[in-house]
$ cat run23.txt   # compact mmCIF, C-alpha atoms
# COMPACT_ATOMS: atom_id res chain seq x y z
CA MET A 893 103.13 114.56 90.29
CA ALA A 894 99.88 116.51 90.11
CA THR A 895 98.23 117.40 93.38
CA ARG A 896 94.61 117.88 94.36
CA LYS A 897 93.52 120.00 97.29
CA VAL A 898 91.09 118.13 99.57
CA THR A 899 89.66 118.54 103.05
CA LEU A 900 90.15 115.69 105.51
CA SER A 901 89.02 115.20 109.08
CA LEU A 902 91.46 113.40 111.37
CA ASP A 903 91.17 112.73 115.06
CA GLU A 904 93.66 114.63 117.22
CA ALA A 905 95.88 111.61 117.84
CA ALA A 906 96.13 110.75 114.13
CA TRP A 907 97.03 114.36 113.29
CA SER A 908 99.63 114.45 116.05
CA PHE A 909 101.21 111.20 114.83
CA ALA A 910 101.23 112.50 111.24
CA GLU A 911 102.84 115.80 112.25
CA GLN A 912 105.54 114.05 114.27
CA ALA A 913 106.28 111.47 111.57
CA ALA A 914 106.36 114.14 108.87
CA ALA A 915 108.78 116.26 110.89
CA ARG A 916 111.07 113.27 111.39
CA ALA A 917 110.93 112.56 107.65
CA GLY A 918 111.65 116.20 106.82
CA MET A 919 108.42 116.68 104.90
CA SER A 920 105.10 118.45 105.30
CA PRO A 921 102.24 116.63 107.01
CA SER A 922 100.34 116.83 103.73
CA ALA A 923 103.14 115.13 101.79
CA TRP A 924 103.59 112.53 104.52
CA ILE A 925 99.85 111.69 104.61
CA SER A 926 99.80 111.47 100.81
CA LYS A 927 102.73 109.06 100.82
CA ALA A 928 101.23 107.00 103.67
CA ALA A 929 97.86 106.79 101.88
CA ARG A 930 99.54 105.70 98.63
CA ARG A 931 101.56 103.00 100.41
CA GLU A 932 98.52 101.69 102.28
CA ALA A 933 96.44 101.61 99.09
CA VAL A 934 99.14 99.65 97.28
CA ARG A 935 99.63 97.36 100.30
CA THR A 936 95.93 96.50 100.33
CA GLY A 937 95.79 95.96 96.57
CA CYS A 938 94.00 99.12 95.46
CA GLY A 939 94.80 100.22 91.93
CA PRO A 940 98.08 100.19 90.06
CA VAL A 941 100.89 102.55 90.90
CA PRO A 942 101.16 104.90 87.90
CA ASP A 943 104.96 104.97 87.53
CA VAL A 944 106.74 102.59 89.88
CA THR A 945 110.17 103.56 88.57
CA ALA A 946 109.64 107.27 89.30
CA LEU A 947 108.25 106.51 92.75
CA ALA A 948 111.21 104.24 93.52
CA ALA A 949 113.63 106.95 92.37
CA ALA A 950 111.86 109.49 94.57
CA ASP A 951 112.02 107.10 97.54
CA ALA A 952 115.73 106.49 96.90
CA ALA A 953 116.34 110.22 96.74
CA GLU A 954 114.43 110.74 100.00
CA MET A 955 116.44 107.98 101.66
CA ALA A 956 119.73 109.48 100.48
CA ALA A 957 118.69 112.92 101.71
CA ALA A 958 117.66 111.51 105.09
CA GLU A 959 120.94 109.62 105.44
CA GLU A 960 122.88 112.77 104.56
CA ALA A 961 120.91 114.79 107.13
CA MET A 962 121.63 112.16 109.79
CA ARG A 963 125.37 112.22 108.96
CA ALA A 964 125.40 116.02 109.13
CA ALA A 965 123.63 115.94 112.50
CA GLY A 966 126.34 113.66 113.85

$ encode --input "run23.txt" --output "structure tokens"
Amino acid sequence: MATRKVTLSLDEAAWSFAEQAAARAGMSPSAWISKAARREAVRTGCGPVPDVTALAAADAAEMAAAEEAMRAAG
């Protein structure tokens, strides 16, 4: 998926939440915010998702990786 570099302003609490959630998900804050923005846009009915199958496969892969990490952690 192509990326675009942008500048955002977030209040301190929002940034802290994003950092914590991203760390728990094993991803960068930038990737986590991108995913959260995409999900919220779809949830509120903004624009079509370009390739739902690819996004679902990526989500399934992320879920499998997270489950594997949890098993490895005990």

$ residues_around --input "run23.txt" --residues "A:Thr895" --least-positions-apart "6" --cutoff "12 Å" --atoms "all atoms listed in the file" --output "list of chain:residue names"
A:Ser922, A:Ala923, A:Ser926

$ residues_around --input "run23.txt" --residues "A:Ala928" --least-positions-apart "4" --cutoff "12 Å" --atoms "only C-alpha atoms" --output "PyMOL selection string"
chain A and resi 909-910+913-914+917+921-924+932-935

$ atom_distance --input "run23.txt" --atom1 "atom CA of A:Trp907" --atom2 "atom CA of A:Ala950"
24.4 Å

$ closest_residue --input "run23.txt" --among "A:Ile925, A:Arg930, A:Ala957, A:Ala965" --to "A:Val898" --atoms "all atoms listed in the file"
A:Ile925

$ closest_residue --input "run23.txt" --among "A:Gly918, A:Arg931, A:Gly939, A:Val944" --to "A:Glu960" --atoms "all atoms listed in the file"
A:Gly918

$ atom_distance --input "run23.txt" --atom1 "atom CA of A:Ala961" --atom2 "atom CA of A:Arg896"
29.4 Å

$ atom_distance --input "run23.txt" --atom1 "atom CA of A:Ala915" --atom2 "atom CA of A:Cys938"
27.4 Å

$ closest_residue --input "run23.txt" --among "A:Ala905, A:Gly966, A:Thr936, A:Met919" --to "A:Glu954" --atoms "all atoms listed in the file"
A:Met919

$ closest_residue --input "run23.txt" --among "A:Met962, A:Ala956, A:Ala906, A:Leu947" --to "A:Lys927" --atoms "all atoms listed in the file"
A:Leu947
